[in-house]
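> Following this message is one structure expressed as structure tokens.
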Amino acid sequence: MSSQDAFDRSVEELSKVLQQTLKHTPFPNADTNTLRDIGLQCYYDLFLCEHKRGEIEAEGKADTTESCLSFDTTFQLVSFIRNSVPLQTEAGGRILTNIILLHVASTLHSRAWRVEVISEFPVEATFETNSGNHSFSGLVDFVLVHVSPGPFSNHLHRSPIHALTATKSMPDTPIIIGTEKNNLVEALPQATVTVASYCKQHSLSVLRGCFTSGEQWMPFVYRGPDALGNSAIRGEFQHAKYISLGNDLENLALIIGLLRDLTSNACNYNQKYFLHFDEL
């Protein structure tokens with residue numbers, strides 16, 4: 001056997017070993033087997049406080065003096081998009097999501113605070129499993145950063161990815177995970193792995209966010225192993241029942257009110273407008 005043949009065989013054998021010990025999955029390809037493999041749990045555990053619906057909707061309709069997008073304007077824009085853009089496509093759902101998030105950022109804008117809407121934030125993470133390491137990578141569709149004006153916020157606006165990866169103290173940043181699937185329940189493994197990887201990358205023990213197709217919105221809260229205190233569980237993704245915008249956009253104010261709350265309380269496990277199962 002020539003030295004070249006021996007080298008090629010060594011490379012082939014090394015490749016087989018690496019494939020056996022290191023598995024890689026893009027976020028959209030995650031499934032229930034993936035969650036079991038890395039020890040993540042995902043379940044329905046957030047129940048909307050129906051007696052607070054009026055309060056949430058009032059918050060969703062509230063306009064500030066510095067808001068450049070009123071609720072009425074956003075309502076009209078969302079109506080126009082639904083009548084003019086095919087929402088069955090990924091681009092259609094994303095346009096709808098963009099408008100709603102921009103409205104949230106607009107209503108939370110003030111002299112003391114502003115919200116940066118950062119799109120397509122890259123995430124990579126590796127989890128140890130019994131059969132080897134399992135790595136994941138992909139994009140978080142939107143990160144909502146609630147910051148006060150100053151040098152950091154200026155840097156964040158100019159170079160968002162560098163600012164968030166270089167900072168030693170990660171600001172409160174709820175994340176919005178998008179999917180082109182109309183059935184959010186089917187895509188829950190994707191959302192679970194995405195938020196778990198994001199939290200692992202940024203050493204976050206608790207994080208809130210929302211999973212959406214543009215038409216449907218599902219608030220969630222994630223707790224990592226540090227918050228759980230259970231080494232057997234790598235993370236816990238608790239989600240609410242999805243809320244649709246409604247035929248006549250009757251739930252738009254409700255969804256915006258919930259988004260405003262989670263943007264202001266991104267790393268707070270305790271819920272203002274939801275109850276956990278053990279609290280019912």
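Every chain in the structure tokens takes a letter, A first, then B, and so on in the order presented; its residues are numbered from 1, and the ligands are numbered from 1 following the presented order.
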Give me the residues near Gln271 (chain A) as number ranges by chain, where near means some atom within 12 Å (using only C-alpha atoms) and where sequence neighbours in that chain fewer than 5 positions away do not count.
A: 45-49, 207-208, 219-221, 238-240, 258, 261-262, 264-266, 276, 279
> Could you pull the residues within 10 Å of Arg53 (chain A), counting only C-alpha atoms, minus those fewer than 2 positions along the same chain, as a VMD selection string?
chain A and resid 48 to 51 55 to 59 253 to 254 257 to 258 273
> Quick one: distance from CA of Phe27 (chain A) to CA of Pro225 (chain A) in Å, one decimal?
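Distance between the two atoms: 20.1 Å.
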> Have a look at CA of Glu124 (chain A) and CA of Gly229 (chain A) and let me know their distance in Å, one decimal.
23.6 Å
> Given the choices A:Leu184, A:Cys267, A:Glu128, A:Val117, which gets closest to Leu156 (chain A) if the distance is worked out from only C-alpha atoms?
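Smallest distance to Leu156 (chain A) is found for A:Val117.
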> So how far away is CA of Ser67 (chain A) from CA of His109 (chain A), in Å?
6.7 Å
> Do a neighbour search on Ser244 (chain A) at 7 Å with only C-alpha atoms, toss out local chain neighbours closer than 6 positions, and write the hits as a PyMOL selection string.
chain A and resi 215-217+251
> Got a sec: who's within 9 Å of region 79-90 of chain A, counting only C-alpha atoms, leaving out chain neighbours fewer than 6 positions off, as a PDB file with C-alpha atoms, in the first residue's frame?

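Contents of part-v7.pdb, as written:
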ATOM      1  CA  LEU A  96     -46.399  40.695   8.658  1.00  0.00           C
ATOM      2  CA  GLY A 178     -40.153  32.638  12.868  1.00  0.00           C
ATOM      3  CA  THR A 179     -41.314  29.654  10.873  1.00  0.00           C
ATOM      4  CA  GLU A 180     -42.863  29.255   7.452  1.00  0.00           C
ATOM      5  CA  LYS A 181     -45.050  26.449   8.784  1.00  0.00           C
ATOM      6  CA  ASN A 182     -48.665  27.391   9.488  1.00  0.00           C
ATOM      7  CA  SER A 213     -45.637  32.435  11.527  1.00  0.00           C
ATOM      8  CA  GLY A 214     -46.826  36.027  11.239  1.00  0.00           C
ATOM      9  CA  GLU A 215     -50.472  34.984  11.565  1.00  0.00           C
ATOM     10  CA  ASP A 248     -60.954  40.715  11.596  1.00  0.00           C
ATOM     11  CA  LEU A 249     -57.658  41.244  13.475  1.00  0.00           C
TER      12      LEU A 249
END
> Using DSSP secondary structure from the backbone, list all strand (DSSP E or B) positions within region 133-214 of chain A, as a list of chain:residue names.
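So, restricting region 133-214 of chain A to strand (DSSP E or B), we get A:Asn133, A:His134, A:Ser135, A:Phe136, A:Ser137, A:Gly138, A:Leu139, A:Val140, A:Asp141, A:Phe142, A:Val143, A:Leu144, A:Val145, A:His146, A:Val147, A:Ile175, A:Ile176, A:Ile177, A:Gly178, A:Val206, A:Leu207, A:Arg208, A:Gly209, A:Cys210, A:Phe211, A:Thr212.
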> Where in region 30-274 of chain A does DSSP assign alpha helix (DSSP H), given as number ranges by chain?
A: 32-38, 53-61, 71-84, 90-107, 151-158, 160-166, 188-202, 225-228, 252-264
> For Arg36 (chain A), find every residue with an atom within 12 Å (counting only C-alpha atoms), except residues of its own chain fewer than 6 positions away, and show them as number ranges by chain.
A: 30, 42, 127, 129-130, 134, 189, 192-193, 232-236
> Take the selection from the previous step and output its residues with N, CA and C atoms, as an mmCIF file, in the first residue's frame.

data_model
loop_
_atom_site.group_PDB
_atom_site.id
_atom_site.type_symbol
_atom_site.label_atom_id
_atom_site.label_comp_id
_atom_site.auth_asym_id
_atom_site.auth_seq_id
_atom_site.Cartn_x
_atom_site.Cartn_y
_atom_site.Cartn_z
ATOM 1 N N ALA A 30 -34.551 20.203 13.403
ATOM 2 C CA ALA A 30 -34.728 19.564 14.712
ATOM 3 C C ALA A 30 -36.102 18.909 14.807
ATOM 4 N N CYS A 42 -40.119 20.189 26.204
ATOM 5 C CA CYS A 42 -40.987 21.196 25.582
ATOM 6 C C CYS A 42 -42.428 20.816 25.873
ATOM 7 N N PHE A 127 -24.046 20.640 22.448
ATOM 8 C CA PHE A 127 -24.512 19.999 23.672
ATOM 9 C C PHE A 127 -23.880 18.615 23.780
ATOM 10 N N THR A 129 -23.954 14.762 24.755
ATOM 11 C CA THR A 129 -24.947 13.696 24.862
ATOM 12 C C THR A 129 -24.251 12.392 25.223
ATOM 13 N N ASN A 130 -25.055 11.357 25.502
ATOM 14 C CA ASN A 130 -24.477 10.057 25.860
ATOM 15 C C ASN A 130 -23.711 9.426 24.699
ATOM 16 N N HIS A 134 -23.415 16.979 20.117
ATOM 17 C CA HIS A 134 -24.408 17.335 19.097
ATOM 18 C C HIS A 134 -24.387 18.849 18.944
ATOM 19 N N PRO A 189 -40.052 21.746 18.025
ATOM 20 C CA PRO A 189 -38.652 21.343 18.242
ATOM 21 C C PRO A 189 -37.661 22.372 17.706
ATOM 22 N N THR A 192 -37.519 25.215 20.211
ATOM 23 C CA THR A 192 -36.875 24.796 21.457
ATOM 24 C C THR A 192 -35.355 24.763 21.314
ATOM 25 N N VAL A 193 -34.868 24.153 20.250
ATOM 26 C CA VAL A 193 -33.426 24.056 20.027
ATOM 27 C C VAL A 193 -32.825 25.438 19.773
ATOM 28 N N ALA A 232 -30.091 16.528 34.963
ATOM 29 C CA ALA A 232 -30.632 15.577 33.991
ATOM 30 C C ALA A 232 -31.394 16.280 32.877
ATOM 31 N N ILE A 233 -31.826 17.517 33.124
ATOM 32 C CA ILE A 233 -32.582 18.280 32.134
ATOM 33 C C ILE A 233 -31.714 19.435 31.646
ATOM 34 N N ARG A 234 -31.480 19.498 30.359
ATOM 35 C CA ARG A 234 -30.623 20.537 29.791
ATOM 36 C C ARG A 234 -31.366 21.851 29.565
ATOM 37 N N GLY A 235 -32.689 21.788 29.513
ATOM 38 C CA GLY A 235 -33.466 22.997 29.292
ATOM 39 C C GLY A 235 -34.943 22.682 29.246
ATOM 40 N N GLU A 236 -35.747 23.695 29.518
ATOM 41 C CA GLU A 236 -37.200 23.513 29.605
ATOM 42 C C GLU A 236 -37.883 24.654 28.844
#
> Counting only C-alpha atoms, which residue out of A:Lys61, A:Arg260, A:Lys272, A:Lys52 sits closest to His146 (chain A)?
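That would be A:Arg260, the residue with the smallest distance to His146 (chain A).
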> So that I can see what lies close to Asp37 (chain A), please list as JSON, numbers by chain the residues with an atom at most 9 Å from it, counting only C-alpha atoms and leaving out residues fewer than 2 positions away in the same chain.
{"A": [32, 33, 34, 35, 39, 40, 129, 130, 131, 134]}
> Env of Thr25 (chain A): 7 Å cut, atoms = only C-alpha atoms, seq-sep filter 2 positions within chain, self excluded. Answer as a list in words.
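The residues satisfying every condition are Lys23, Phe27, Asn29, Ala30, Ser135, Phe136 and Ser137 of chain A.
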> Could you write out that same residue set with C-alpha atoms as a PDB file, in the first residue's frame?

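Output file part02.pdb is given in full below:
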ATOM      1  CA  LYS A  23     -23.668  15.181  15.015  1.00  0.00           C
ATOM      2  CA  PHE A  27     -32.347  24.529  13.679  1.00  0.00           C
ATOM      3  CA  ASN A  29     -34.279  20.188  10.984  1.00  0.00           C
ATOM      4  CA  ALA A  30     -34.728  19.564  14.712  1.00  0.00           C
ATOM      5  CA  SER A 135     -23.925  20.748  17.517  1.00  0.00           C
ATOM      6  CA  PHE A 136     -26.558  23.146  16.206  1.00  0.00           C
ATOM      7  CA  SER A 137     -26.491  26.303  14.168  1.00  0.00           C
TER       8      SER A 137
END
> For Glu186 (chain A), which of A:Gly93, A:Pro28, A:Gly209, A:Pro160 is the closest residue, counting only C-alpha atoms?
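Closest to Glu186 (chain A) of all the choices is A:Pro28.
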